[in-house]
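The file final_37.cif contains mmCIF, C-alpha atoms:
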data_input
loop_
_atom_site.label_atom_id
_atom_site.label_comp_id
_atom_site.auth_asym_id
_atom_site.auth_seq_id
_atom_site.Cartn_x
_atom_site.Cartn_y
_atom_site.Cartn_z
CA LEU A 21 132.92 47.39 141.68
CA ALA A 22 134.36 48.39 145.06
CA LEU A 23 132.54 51.72 144.94
CA LEU A 24 129.33 49.94 143.98
CA ALA A 25 129.72 47.52 146.89
CA LEU A 26 130.28 50.39 149.31
CA ARG A 27 127.20 52.16 147.96
CA LEU A 28 125.08 49.04 148.41
CA ARG A 29 126.31 48.51 151.97
CA ARG A 30 125.59 52.11 153.00
CA PRO A 31 122.38 52.14 155.10
CA SER A 32 119.66 54.66 154.38
CA ARG A 33 118.09 56.69 157.15
CA ARG A 34 114.44 57.69 157.22
CA ALA A 35 112.96 60.39 159.40
CA VAL A 36 110.21 59.08 161.62
CA GLY A 37 106.90 60.90 161.37
CA ALA A 38 108.15 63.53 158.91
CA ARG A 39 105.89 64.70 156.14
CA THR A 40 107.08 65.24 152.61
CA LEU A 41 106.53 67.97 150.08
CA PRO A 42 105.61 67.19 146.49
CA GLY A 43 108.61 65.49 144.96
CA ALA A 44 110.38 65.00 148.28
CA ARG A 45 112.82 62.09 148.48
CA SER A 46 112.32 59.34 151.00
CA GLU A 47 116.06 59.01 151.67
CA ASP A 48 117.72 61.32 154.15
CA HIS A 49 121.23 62.22 153.01
CA GLY A 50 121.98 64.64 155.83
CA GLU A 51 121.84 68.40 155.81
CA VAL A 52 122.01 70.46 152.66
CA ASP A 53 125.08 72.38 153.65
CA GLY A 54 126.64 74.60 151.04
CA GLY A 55 130.09 74.09 152.49
CA GLY A 56 130.30 70.32 152.92
CA PRO A 57 129.98 67.15 150.86
CA ALA A 58 126.42 66.56 152.06
CA GLY A 59 125.54 70.15 151.23
CA GLN A 60 126.59 69.71 147.61
CA LEU A 61 124.12 66.81 147.31
CA SER A 62 126.77 64.82 145.45
CA ASP A 63 126.22 66.87 142.31
CA GLY A 64 129.72 68.30 142.13
CA ARG A 65 128.61 71.94 142.13
CA GLU A 66 130.23 74.79 144.01
CA PRO A 67 129.05 75.66 147.54
CA LEU A 68 126.88 78.69 148.22
CA PRO A 69 128.66 82.00 147.64
CA GLY A 70 129.46 84.33 150.50
CA GLY A 71 130.18 81.49 152.92
CA CYS A 72 126.46 80.79 153.50
CA ARG A 73 124.98 77.39 154.26
CA LEU A 74 121.55 75.99 153.52
CA ILE A 75 120.44 73.53 156.22
CA CYS A 76 117.28 71.54 155.50
CA LYS A 77 115.85 68.11 154.82
CA PRO A 78 116.67 67.04 151.25
CA SER A 79 113.70 67.25 148.89
CA ALA A 80 112.84 68.40 145.40
CA LEU A 81 112.00 71.85 146.74
CA ALA A 82 115.36 71.98 148.55
CA GLN A 83 117.12 71.21 145.27
CA CYS A 84 115.16 73.98 143.54
CA LEU A 85 115.99 76.47 146.29
CA LEU A 86 119.65 75.46 146.29
CA ARG A 87 119.90 76.06 142.55
CA ALA A 88 118.26 79.48 142.94
CA LEU A 89 120.67 80.47 145.72
CA ARG A 90 123.72 79.36 143.75
CA ARG A 91 122.64 81.58 140.86
CA SER A 92 121.84 84.49 143.17
CA ALA A 93 124.00 87.56 142.91
CA ALA A 94 122.82 88.74 146.33
CA LEU A 95 125.15 86.36 148.18
CA GLU A 96 128.22 87.29 146.15
CA PRO A 97 129.37 90.64 147.60
CA GLY A 98 130.28 90.73 151.27
CA PRO A 99 130.02 93.82 153.48
CA LEU A 100 132.82 96.33 153.76
CA PRO A 101 135.37 95.44 156.45
CA TRP A 102 134.25 98.28 158.72
CA LEU A 103 130.58 97.26 158.23
CA SER A 104 130.97 93.56 158.96
CA GLY A 105 130.80 93.93 162.74
CA PRO A 106 127.62 92.40 164.18
CA HIS A 107 126.90 95.27 166.60
CA LEU A 108 127.32 97.91 163.91
CA GLN A 109 125.03 96.03 161.53
CA THR A 110 122.40 95.65 164.25
CA LEU A 111 122.58 99.25 165.47
CA CYS A 112 122.44 100.64 161.94
CA HIS A 113 119.29 98.65 161.42
CA PHE A 114 117.51 99.70 164.62
CA VAL A 115 118.91 103.17 165.36
CA LEU A 116 119.11 104.89 161.98
CA PRO A 117 115.85 106.64 161.04
CA VAL A 118 113.64 105.40 158.25
CA GLY A 119 114.48 107.13 154.99
CA PRO A 120 111.97 109.47 153.33
CA GLY A 121 110.13 108.88 150.10
CA SER A 122 107.74 106.07 150.96
CA GLU A 123 103.99 106.46 150.56
CA LEU A 124 101.80 104.48 152.93
CA ALA A 125 98.02 104.13 152.82
CA ARG A 126 96.77 103.13 156.27
CA GLU A 127 93.71 101.04 157.00
CA TYR A 128 92.33 100.32 160.47
CA LEU A 129 90.75 96.91 160.83
CA GLN A 130 88.19 96.47 163.62
CA LEU A 131 88.43 93.00 165.12
CA ALA A 132 85.79 90.73 166.59
CA ASP A 133 86.38 92.06 170.14
CA ASP A 134 86.23 95.70 168.91
CA GLY A 135 90.02 96.07 168.99
CA LEU A 136 91.97 97.76 166.21
CA VAL A 137 94.99 96.72 164.16
CA ALA A 138 96.59 98.76 161.40
CA LEU A 139 97.52 97.77 157.85
CA ASP A 140 99.92 100.08 155.99
CA TRP A 141 99.75 99.47 152.23
CA VAL A 142 102.94 100.62 150.50
CA VAL A 143 101.75 102.49 147.41
CA GLY A 144 104.84 104.41 146.34
CA PRO A 145 107.23 105.23 144.98
CA GLY A 146 107.62 102.75 142.16
CA ALA A 147 103.98 101.73 141.77
CA ARG A 148 103.97 102.47 138.05
CA GLY A 149 105.32 99.87 135.71
CA ARG A 150 104.66 97.06 138.15
CA ARG A 151 105.20 93.69 136.57
CA ALA A 152 103.26 90.59 137.52
CA THR A 153 104.82 88.12 139.95
CA ASN A 154 102.98 85.03 138.70
CA ALA A 155 101.81 83.55 135.46
CA GLY A 156 98.21 84.62 136.02
CA GLY A 157 99.14 88.27 135.75
CA LEU A 158 97.97 89.20 139.27
CA PRO A 159 100.56 90.81 141.56
CA ALA A 160 101.18 88.84 144.74
CA VAL A 161 100.52 90.37 148.15
CA LEU A 162 103.50 90.56 150.52
CA LEU A 163 102.50 90.74 154.20
CA VAL A 164 105.29 92.12 156.38
CA ILE A 165 105.17 91.62 160.16
CA THR A 166 107.37 93.95 162.22
CA ASN A 167 109.17 93.02 165.42
CA ALA A 168 107.29 92.49 168.67
CA TRP A 169 108.28 95.94 169.94
CA GLY A 170 106.32 97.64 167.16
CA ARG A 171 109.19 99.60 165.64
CA LEU A 172 109.13 100.15 161.87
CA THR A 173 112.78 99.79 160.86
CA ARG A 174 114.54 100.99 157.75
CA ASN A 175 115.12 97.43 156.59
CA VAL A 176 111.41 96.60 156.72
CA LEU A 177 110.59 99.65 154.66
CA GLY A 178 113.44 98.87 152.27
CA LEU A 179 112.07 95.37 151.74
CA CYS A 180 108.62 96.81 150.99
CA LEU A 181 109.98 99.30 148.45
CA LEU A 182 112.06 96.61 146.73
CA ALA A 183 109.06 94.28 146.64
CA LEU A 184 106.96 97.07 145.15
CA GLU A 185 109.49 97.43 142.33
CA ARG A 186 109.44 93.65 141.78
CA GLY A 187 105.67 93.59 141.31
CA TYR A 188 104.27 92.85 144.78
CA TYR A 189 101.61 94.61 146.82
CA PRO A 190 103.40 95.10 150.18
CA VAL A 191 101.35 95.62 153.33
CA ILE A 192 102.74 96.09 156.86
CA PHE A 193 100.85 94.61 159.81
CA HIS A 194 100.88 96.62 163.08
CA ARG A 195 99.59 95.17 166.34
CA ARG A 196 97.27 96.88 168.78
CA GLY A 197 98.78 100.07 170.13
CA HIS A 198 101.87 99.83 167.89
CA HIS A 199 103.17 102.48 165.51
CA GLY A 200 100.30 104.92 165.96
CA CYS A 201 97.53 102.33 166.01
CA PRO A 202 95.04 103.38 168.74
CA LEU A 203 94.47 101.08 171.69
CA VAL A 204 90.68 101.22 171.94
CA SER A 205 90.37 98.34 174.42
CA PRO A 206 92.59 97.49 177.43
CA ARG A 207 93.99 94.41 175.76
CA LEU A 208 97.35 93.95 174.06
CA GLN A 209 98.43 91.09 171.84
CA PRO A 210 100.55 88.45 173.60
CA PHE A 211 103.90 87.43 172.16
CA GLY A 212 102.71 84.43 170.14
CA ASP A 213 98.92 84.85 169.90
CA PRO A 214 97.97 84.89 166.19
CA SER A 215 94.25 85.63 166.63
CA ASP A 216 94.55 89.23 165.40
CA LEU A 217 96.78 88.18 162.53
CA LYS A 218 94.20 85.59 161.45
CA GLU A 219 91.52 88.25 161.07
CA ALA A 220 93.91 90.55 159.21
CA ILE A 221 94.89 87.79 156.76
CA THR A 222 91.22 86.91 156.24
CA TYR A 223 90.55 90.54 155.33
CA ILE A 224 93.53 90.66 152.95
CA ARG A 225 92.29 87.46 151.34
CA PHE A 226 88.83 88.98 150.95
CA ARG A 227 90.31 92.10 149.36
CA HIS A 228 92.61 90.14 146.99
CA PRO A 229 90.97 86.72 146.63
CA ALA A 230 92.90 85.54 143.55
CA ALA A 231 96.37 86.90 144.37
CA PRO A 232 99.05 84.71 146.01
CA LEU A 233 99.94 85.75 149.55
CA PHE A 234 103.51 85.67 150.89
CA ALA A 235 104.55 86.64 154.42
CA VAL A 236 107.80 87.98 155.91
CA SER A 237 108.54 88.58 159.58
CA GLU A 238 111.39 90.39 161.28
CA GLY A 239 113.15 89.39 164.48
CA SER A 240 110.80 88.76 167.40
CA GLY A 241 107.81 89.25 165.11
CA SER A 242 108.52 85.79 163.71
CA ALA A 243 106.78 84.28 166.75
CA LEU A 244 103.50 85.68 165.45
CA LEU A 245 103.98 84.32 161.93
CA LEU A 246 105.12 80.86 163.04
CA SER A 247 102.22 80.61 165.51
CA TYR A 248 99.79 81.43 162.71
CA LEU A 249 101.27 78.84 160.37
CA GLY A 250 101.21 76.18 163.08
CA GLU A 251 97.64 76.83 164.20
CA CYS A 252 96.16 77.10 160.70
CA GLY A 253 98.12 74.22 159.16
CA SER A 254 96.96 73.41 155.64
CA SER A 255 94.12 75.94 155.98
CA SER A 256 96.57 78.82 155.88
CA TYR A 257 96.13 81.32 153.06
CA VAL A 258 99.90 81.89 152.87
CA THR A 259 101.78 80.41 149.90
CA GLY A 260 105.28 80.92 151.30
CA ALA A 261 106.89 82.54 154.33
CA ALA A 262 110.27 83.89 155.37
CA CYS A 263 111.70 84.93 158.75
CA ILE A 264 114.60 87.36 159.13
CA SER A 265 116.67 86.63 162.26
CA PRO A 266 113.78 84.81 163.98
CA VAL A 267 113.61 84.21 167.72
CA LEU A 268 112.71 80.51 167.79
CA ARG A 269 113.39 79.51 171.39
CA CYS A 270 111.48 82.41 172.86
CA ARG A 271 111.13 81.35 176.47
CA GLU A 272 114.84 80.61 176.82
CA TRP A 273 115.52 83.92 175.08
CA PHE A 274 113.49 85.86 177.65
CA GLU A 275 114.89 83.94 180.62
CA ALA A 276 118.55 84.19 179.58
CA GLY A 277 118.29 87.92 178.87
CA LEU A 278 119.95 90.00 176.20
CA PRO A 279 123.23 91.94 176.36
CA TRP A 280 122.44 94.96 178.50
CA PRO A 281 122.49 97.64 175.72
CA TYR A 282 119.88 95.74 173.70
CA GLU A 283 117.88 94.74 176.79
CA ARG A 284 117.67 98.32 178.02
CA GLY A 285 116.99 99.68 174.54
CA PHE A 286 114.11 97.32 173.75
CA LEU A 287 112.70 97.74 177.26
CA LEU A 288 112.82 101.53 177.06
CA HIS A 289 111.11 101.48 173.67
CA GLN A 290 108.24 99.40 175.03
CA LYS A 291 107.81 101.60 178.09
CA ILE A 292 107.66 104.74 175.97
CA ALA A 293 105.13 103.14 173.59
CA LEU A 294 102.82 102.05 176.45
CA SER A 295 103.19 105.19 178.55
CA ARG A 296 100.44 106.91 176.53
CA TYR A 297 98.04 104.09 177.54
CA ALA A 298 98.98 103.99 181.23
CA THR A 299 95.58 105.24 182.39
CA ALA A 300 93.67 102.79 180.20
CA LEU A 301 95.75 99.84 181.44
CA GLU A 302 95.36 100.60 185.15
CA ASP A 303 92.30 98.37 185.48
CA THR A 304 94.01 95.31 184.01
CA VAL A 305 97.70 95.42 185.03
CA ASP A 306 99.83 96.93 187.76
CA THR A 307 101.22 99.85 185.76
CA GLY A 308 103.55 100.93 188.57
CA LYS A 309 105.30 97.55 188.56
CA LEU A 310 105.14 97.46 184.77
CA PHE A 311 107.08 100.69 184.28
CA ARG A 312 109.57 99.74 187.02
CA SER A 313 110.51 96.53 185.19
CA ARG A 314 114.23 96.00 184.78
CA SER A 315 114.19 93.17 182.24
CA LEU A 316 112.17 92.05 179.26
CA ARG A 317 111.02 88.97 181.13
CA GLU A 318 109.71 91.02 184.05
CA PHE A 319 107.95 93.37 181.66
CA GLU A 320 106.34 90.53 179.70
CA GLU A 321 105.36 88.65 182.86
CA THR A 322 103.77 91.71 184.45
CA LEU A 323 101.88 92.67 181.31
CA PHE A 324 100.40 89.28 180.39
CA CYS A 325 100.76 86.94 183.41
CA HIS A 326 100.17 89.06 186.52
CA THR A 327 96.93 90.61 185.32
CA LYS A 328 94.20 91.68 187.74
CA SER A 329 91.38 89.85 185.98
CA PHE A 330 92.89 86.50 184.96
CA PRO A 331 96.42 85.86 186.26
CA ILE A 332 98.34 82.89 184.88
CA SER A 333 101.73 81.34 185.50
CA TRP A 334 104.83 81.83 183.36
CA ASP A 335 104.65 78.19 182.26
CA THR A 336 101.01 78.49 181.18
CA TYR A 337 101.78 81.65 179.24
CA TRP A 338 104.39 79.89 177.11
CA ASP A 339 102.20 76.85 176.65
CA HIS A 340 99.91 79.15 174.66
CA ASN A 341 102.52 81.46 173.08
CA ASP A 342 105.51 79.32 172.14
CA PRO A 343 105.85 79.83 168.35
CA LEU A 344 106.94 76.20 167.86
CA ARG A 345 104.10 74.63 169.86
CA ASP A 346 102.29 73.51 166.67
CA VAL A 347 105.22 73.53 164.29
CA ASP A 348 104.45 69.98 163.11
CA GLU A 349 101.14 71.25 161.70
CA ALA A 350 102.77 73.88 159.48
CA ALA A 351 102.20 73.13 155.80
CA VAL A 352 103.87 76.18 154.21
CA PRO A 353 107.55 76.42 153.17
CA VAL A 354 109.43 78.73 155.56
CA LEU A 355 112.90 80.17 154.94
CA CYS A 356 114.76 81.43 158.02
CA VAL A 357 117.62 83.81 157.26
CA CYS A 358 119.99 83.87 160.24
CA SER A 359 123.48 85.06 161.03
CA ALA A 360 126.12 83.23 163.05
CA ASP A 361 127.20 86.48 164.75
CA ASP A 362 123.71 87.58 165.87
CA PRO A 363 124.30 89.59 169.09
CA VAL A 364 120.63 89.65 170.09
CA CYS A 365 119.75 85.95 169.72
CA GLY A 366 123.18 84.58 170.59
CA PRO A 367 125.24 81.80 169.00
CA PRO A 368 123.43 79.36 166.66
CA SER A 369 124.02 76.44 169.02
CA HIS A 370 121.83 78.18 171.61
CA PHE A 371 118.98 79.79 169.66
CA LEU A 372 118.63 77.59 166.56
CA PRO A 373 116.78 74.26 166.87
CA THR A 374 118.68 72.61 164.03
CA GLU A 375 116.70 69.38 164.48
CA LEU A 376 113.66 71.25 163.16
CA PHE A 377 115.39 71.98 159.85
CA HIS A 378 116.82 68.47 159.58
CA SER A 379 113.50 66.69 160.09
CA ASN A 380 110.78 69.01 158.77
CA PRO A 381 110.74 69.39 154.96
CA TYR A 382 108.89 72.71 155.18
CA PHE A 383 111.62 74.59 157.07
CA PHE A 384 114.85 75.89 155.50
CA LEU A 385 117.71 77.66 157.27
CA LEU A 386 120.05 79.99 155.40
CA LEU A 387 122.91 80.63 157.80
CA SER A 388 125.45 83.33 156.99
CA ARG A 389 128.69 84.23 158.72
CA HIS A 390 127.94 87.96 159.07
CA GLY A 391 124.81 90.05 159.30
CA GLY A 392 124.11 90.82 162.94
CA HIS A 393 120.46 90.83 164.03
CA CYS A 394 118.20 91.71 161.08
CA GLY A 395 121.07 93.68 159.53
CA PHE A 396 122.58 91.87 156.52
CA LEU A 397 123.77 95.23 155.23
CA ARG A 398 125.74 95.87 152.07
CA GLN A 399 127.41 98.91 150.65
CA GLU A 400 125.00 101.81 150.28
CA PRO A 401 122.77 102.60 148.46
CA LEU A 402 122.03 98.88 147.98
CA PRO A 403 119.41 97.41 150.33
CA ALA A 404 120.10 94.53 152.68
CA TRP A 405 121.06 91.39 150.77
CA SER A 406 118.48 89.39 152.70
CA HIS A 407 115.75 91.27 150.78
CA ASP A 408 116.97 89.98 147.42
CA VAL A 409 117.35 86.46 148.77
CA ILE A 410 113.80 86.41 150.16
CA LEU A 411 112.23 87.70 146.95
CA GLU A 412 114.24 85.19 144.90
CA TYR A 413 113.07 82.48 147.29
CA PHE A 414 109.44 83.46 146.69
CA ARG A 415 110.02 83.39 142.95
CA ALA A 416 111.59 79.93 143.20
CA LEU A 417 108.57 78.76 145.20
CA THR A 418 106.20 80.09 142.54
CA ASP A 419 108.09 78.35 139.74
CA PHE A 420 108.33 75.11 141.72
CA PHE A 421 104.63 74.91 142.54
CA ARG A 422 103.68 75.90 139.00
CA THR A 423 105.83 73.06 137.64
CA GLU A 424 104.32 70.61 140.14
CA GLU A 425 100.79 71.59 139.15
CA ARG A 426 101.66 71.23 135.48
CA MET A 427 103.11 67.76 136.03
CA LYS A 428 100.07 66.71 138.08
CA GLY A 429 97.77 67.91 135.32
CA LEU A 430 99.71 65.98 132.68
CA SER A 431 99.70 62.78 134.74
CA LYS A 432 95.97 63.06 135.42
CA ARG A 433 95.17 63.62 131.74
CA ARG A 434 97.39 60.71 130.74
CA ALA A 435 95.79 58.42 133.33
CA SER A 436 92.27 59.38 132.25
CA PHE A 437 93.18 58.89 128.58
CA LEU A 438 94.65 55.43 129.19
CA ALA A 439 91.68 54.47 131.36
CA GLY A 440 89.33 55.65 128.64
CA ARG A 441 91.13 53.57 126.01
CA ARG A 442 90.94 50.46 128.17
CA ARG A 443 87.27 51.05 128.90
CA TRP A 444 86.41 51.62 125.23
CA GLY A 445 88.31 48.54 124.15
CA THR A 446 87.08 46.02 126.72
CA LEU A 447 83.82 47.14 128.29
CA PRO A 448 80.45 47.23 126.52
CA LYS A 449 78.23 50.27 126.89
CA ARG A 450 75.70 49.94 129.67
CA GLU A 451 73.58 52.06 131.95
CA VAL A 452 74.98 52.70 135.42
CA SER A 453 72.43 53.37 138.12
CA PRO A 454 73.00 56.56 140.12
CA SER A 455 72.69 54.72 143.43
CA SER A 456 75.49 52.30 142.62
CA SER A 457 77.96 54.94 141.40
CA LEU A 458 77.20 57.66 143.93
CA GLU A 459 79.51 56.25 146.59
CA GLU A 460 82.26 55.72 144.00
CA ILE A 461 82.01 59.26 142.65
CA PHE A 462 82.14 60.91 146.08
CA SER A 463 84.91 58.73 147.48
CA TRP A 464 86.84 61.66 148.95
CA LYS A 465 87.99 61.64 152.56
CA ARG A 466 87.76 64.58 154.83
CA SER A 467 91.09 65.64 156.33
CA TYR A 468 91.26 67.30 159.73
CA THR A 469 93.39 70.37 160.18
CA ARG A 470 93.68 72.96 162.86
#

So that I can check it, write out the structure of this file as structure tokens.
Amino acid sequence: LALLALRLRRPSRRAVGARTLPGARSEDHGEVDGGGPAGQLSDGREPLPGGCRLICKPSALAQCLLRALRRSAALEPGPLPWLSGPHLQTLCHFVLPVGPGSELAREYLQLADDGLVALDWVVGPGARGRRATNAGGLPAVLLVITNAWGRLTRNVLGLCLLALERGYYPVIFHRRGHHGCPLVSPRLQPFGDPSDLKEAITYIRFRHPAAPLFAVSEGSGSALLLSYLGECGSSSYVTGAACISPVLRCREWFEAGLPWPYERGFLLHQKIALSRYATALEDTVDTGKLFRSRSLREFEETLFCHTKSFPISWDTYWDHNDPLRDVDEAAVPVLCVCSADDPVCGPPSHFLPTELFHSNPYFFLLLSRHGGHCGFLRQEPLPAWSHDVILEYFRALTDFFRTEERMKGLSKRRASFLAGRRRWGTLPKREVSPSSSLEEIFSWKRSYTR
């Protein structure tokens, strides 16, 4: 009786203005944290293996994802002691060359302004014996977005090869002028402008109209994916998304600067990539100042703000390129896999907006103790454990939405059957004029979305 009285006196909190997924609970019981009482959702189960935590707004989808992560074998083994250092994990990811054996089929997509982006379809090895990823028998398409510097890392390629074995069609999106894609017009893609990505996704949808589409982004490339999800809202073609070590507070990230080895390395990589287009960019930007830049902020500001044709301020630039500017419009579940020892983004208290994951039911944060920046390495020859987690997350999403659709279909059939029985038993047969029932039949309401 005392416990019951305490339970009745406990107030319930409700998030203001938050939307809910199908089956989401109206009560807010705090974060789903695998290591605390609130994270166990009062079900008495063990916390997440490997010392990971799942931070999100409680909902039916969160429960489904939590069960999938607790059964996952990917979180069980930790890295070797000598491999657990954040700098070593990060440098192994960015510095080591991409392994041989992958077969890529490149397509160049001409955009509305005559620019070009590249799509690399991963076709081998492991294309034979592909199993379906959904009940309909059609393999799902996995769109992979690389980092903003345009480097194809070994982890990205490893994710594509693992997805190919699991029955996906992986395709890698490359921006203008990145990774061998020609720059045919003197225009580069800003940090968070998803216009090129929209056209690429529309083409992928046209090529595979009936296949589910999932998206994964790496590091700074997450700004592009999150901007797309926010601008498109419920009109997005993406079924589920995942971000590996995303940069969420991008402006603060540029202004604070990175540790000097990473700052100089990323800056040098961008200068080398754009040096081949120095003559073509002379009419739009000050190339001399661009290649003398000493920080990522100066480089970004010179390239996109201090242009010769249409200069803008630093504040205006981020008003249009902040990846979280339209985050409230996102209507796709997003899993962010982050590490507490990320040397590029910094400590979680600085780069992670935890209020987003507490209030928005579409965003989930899987926070691990080790992993570096986009590393999450395990003992070779196993791929990064984040790959397995992301693919299991997509499978859990597929099962969850399939169950929701099945339950909706059963409830609709039951409601129509009961309504039919009541109508047959109480109402006489009569003619209904088309003019009187037309408004009742088409009683749908149009919903606005960006």

For the structure provided, state which residues fall under the PyMOL selection byres ((chain A and resi 137) around 7), and present them as a ChimeraX atom specification. /A:128-130,135-136,138-139,194-196,201

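Near region 388-397 of chain A, within 6 Å and counting only C-alpha atoms, sit A:Cys72, A:Pro106, A:Gln109, A:Thr110, A:His113, A:Ile264, A:Ser265, A:Ser359, A:Ala360, A:Asp361, A:Asp362, A:Ala404, A:Trp405; same-chain residues fewer than 5 positions away were not included.
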
With all atoms listed in the file as the basis for distance, which of A:Arg186, A:Lys77, A:Arg312, A:Arg284 is at the shortest distance from Leu162 (chain A)? A:Arg186

A straight line from CA of Val161 (chain A) to CA of Phe226 (chain A) spans 12.1 Å

Per-residue nearest contacts of region 242-322 of chain A to region 209-217 of chain A (10 Å; only C-alpha atoms) as a Markdown table:
| residue | atom | partner | partner_atom | distance |
| --- | --- | --- | --- | --- |
| A:Ser242 | CA | A:Gly212 | CA | 8.8 |
| A:Ala243 | CA | A:Gly212 | CA | 5.3 |
| A:Leu244 | CA | A:Gly212 | CA | 4.9 |
| A:Leu245 | CA | A:Pro214 | CA | 7.4 |
| A:Leu246 | CA | A:Gly212 | CA | 8.3 |
| A:Ser247 | CA | A:Gly212 | CA | 6.0 |
| A:Tyr248 | CA | A:Pro214 | CA | 5.2 |
| A:Leu249 | CA | A:Pro214 | CA | 9.0 |
| A:Gly250 | CA | A:Pro214 | CA | 9.8 |
| A:Glu251 | CA | A:Pro214 | CA | 8.3 |
| A:Cys252 | CA | A:Pro214 | CA | 9.7 |
| A:Cys270 | CA | A:Phe211 | CA | 9.1 |
| A:Glu320 | CA | A:Phe211 | CA | 8.5 |

What do you get, as a PyMOL selection string, if you spell out every residue that the PyMOL selection byres ((chain A and resi 305) around 10) selects here? chain A and resi 206+298+300-304+306-310+322-329+331

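Note that the spacing between CA of Val409 (chain A) and CA of Gly260 (chain A) amounts to 13.5 Å.
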
Selection dump of the PyMOL selection byres ((chain A and resi 370) around 12), as a ChimeraX atom specification: /A:267-270,272-273,276,360,362-369,371-374

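Neighbours of Leu316 (chain A) closer than or equal to 9 Å, with all atoms listed in the file counted and sequence neighbours fewer than 5 positions away skipped, come out as A:Phe274, A:Glu275, A:Gly277, A:Leu278, A:Glu283, A:Arg284, A:Phe286, A:Leu287, A:Glu321.
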
Residues just named, written with C-alpha atoms as a CSV table (one decimal), in the coordinates of the input:
chain,number,residue,atom,x,y,z
A,274,PHE,CA,113.5,85.9,177.6
A,275,GLU,CA,114.9,83.9,180.6
A,277,GLY,CA,118.3,87.9,178.9
A,278,LEU,CA,120.0,90.0,176.2
A,283,GLU,CA,117.9,94.7,176.8
A,284,ARG,CA,117.7,98.3,178.0
A,286,PHE,CA,114.1,97.3,173.8
A,287,LEU,CA,112.7,97.7,177.3
A,321,GLU,CA,105.4,88.6,182.9

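Distance-wise, CA of Ala160 (chain A) and CA of Gly241 (chain A) end up 21.4 Å apart.
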
May I ask which of the residues A:Leu68, A:Ala235, A:His289, A:Ser205 is the closest one to Arg171 (chain A), counting all atoms listed in the file? A:His289

List the neighbours of Ala351 (chain A) out to 7 Å using all atoms listed in the file; skip same-chain residues closer than 2 positions along the sequence, and give me the result as a JSON list (two decimals) with C-alpha atoms, in the frame of the given file.
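Writing done, so here's around_14.json:
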[["chain", "number", "residue", "atom", "x", "y", "z"],
["A", 253, "GLY", "CA", 98.12, 74.22, 159.16],
["A", 254, "SER", "CA", 96.96, 73.41, 155.64],
["A", 349, "GLU", "CA", 101.14, 71.25, 161.70],
["A", 353, "PRO", "CA", 107.55, 76.42, 153.17],
["A", 382, "TYR", "CA", 108.89, 72.71, 155.18]]

Leu163 (chain A) environment, 8 Å, all atoms listed in the file, sequence neighbours closer than 2 positions dropped, as a PDB file with C-alpha atoms, in the frame of the given file:
ATOM      1  CA  VAL A 161     100.520  90.370 148.150  1.00  0.00           C
ATOM      2  CA  ILE A 165     105.170  91.620 160.160  1.00  0.00           C
ATOM      3  CA  PRO A 190     103.400  95.100 150.180  1.00  0.00           C
ATOM      4  CA  VAL A 191     101.350  95.620 153.330  1.00  0.00           C
ATOM      5  CA  ILE A 192     102.740  96.090 156.860  1.00  0.00           C
ATOM      6  CA  PHE A 193     100.850  94.610 159.810  1.00  0.00           C
ATOM      7  CA  LEU A 233      99.940  85.750 149.550  1.00  0.00           C
ATOM      8  CA  PHE A 234     103.510  85.670 150.890  1.00  0.00           C
ATOM      9  CA  ALA A 235     104.550  86.640 154.420  1.00  0.00           C
ATOM     10  CA  VAL A 236     107.800  87.980 155.910  1.00  0.00           C
TER      11      VAL A 236
END

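For the set A:Thr423, A:Asn175, A:Thr222, A:Ser315, the residue with the smallest atom-to-atom gap to Glu238 (chain A) is A:Asn175, counting all atoms listed in the file.
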
Would you kindly return, as a PyMOL selection string, each protein, DNA or RNA residue with an atom no farther than 12 Å from any atom of Arg415 (chain A), considering all atoms listed in the file and excluding same-chain residues fewer than 6 positions away? chain A and resi 84-85+88-89+92+152-155+160+183+186-188+232+234+259-261+408-409+421-422

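Proximity ranking of A:Ser313, A:Ala262, A:Asp140, A:Phe114 relative to Tyr282 (chain A) places A:Phe114 first, based on all atoms listed in the file.
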
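Nearest to Ser295 (chain A) of all the residues A:Gly197, A:Pro266, A:Pro343, A:Pro381 is A:Gly197, based on all atoms listed in the file.
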
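Take the candidates A:Cys180, A:Gly285, A:Ala82, A:Leu203 and check each one against Val115 (chain A) using only C-alpha atoms; the shortest distance goes to A:Gly285.
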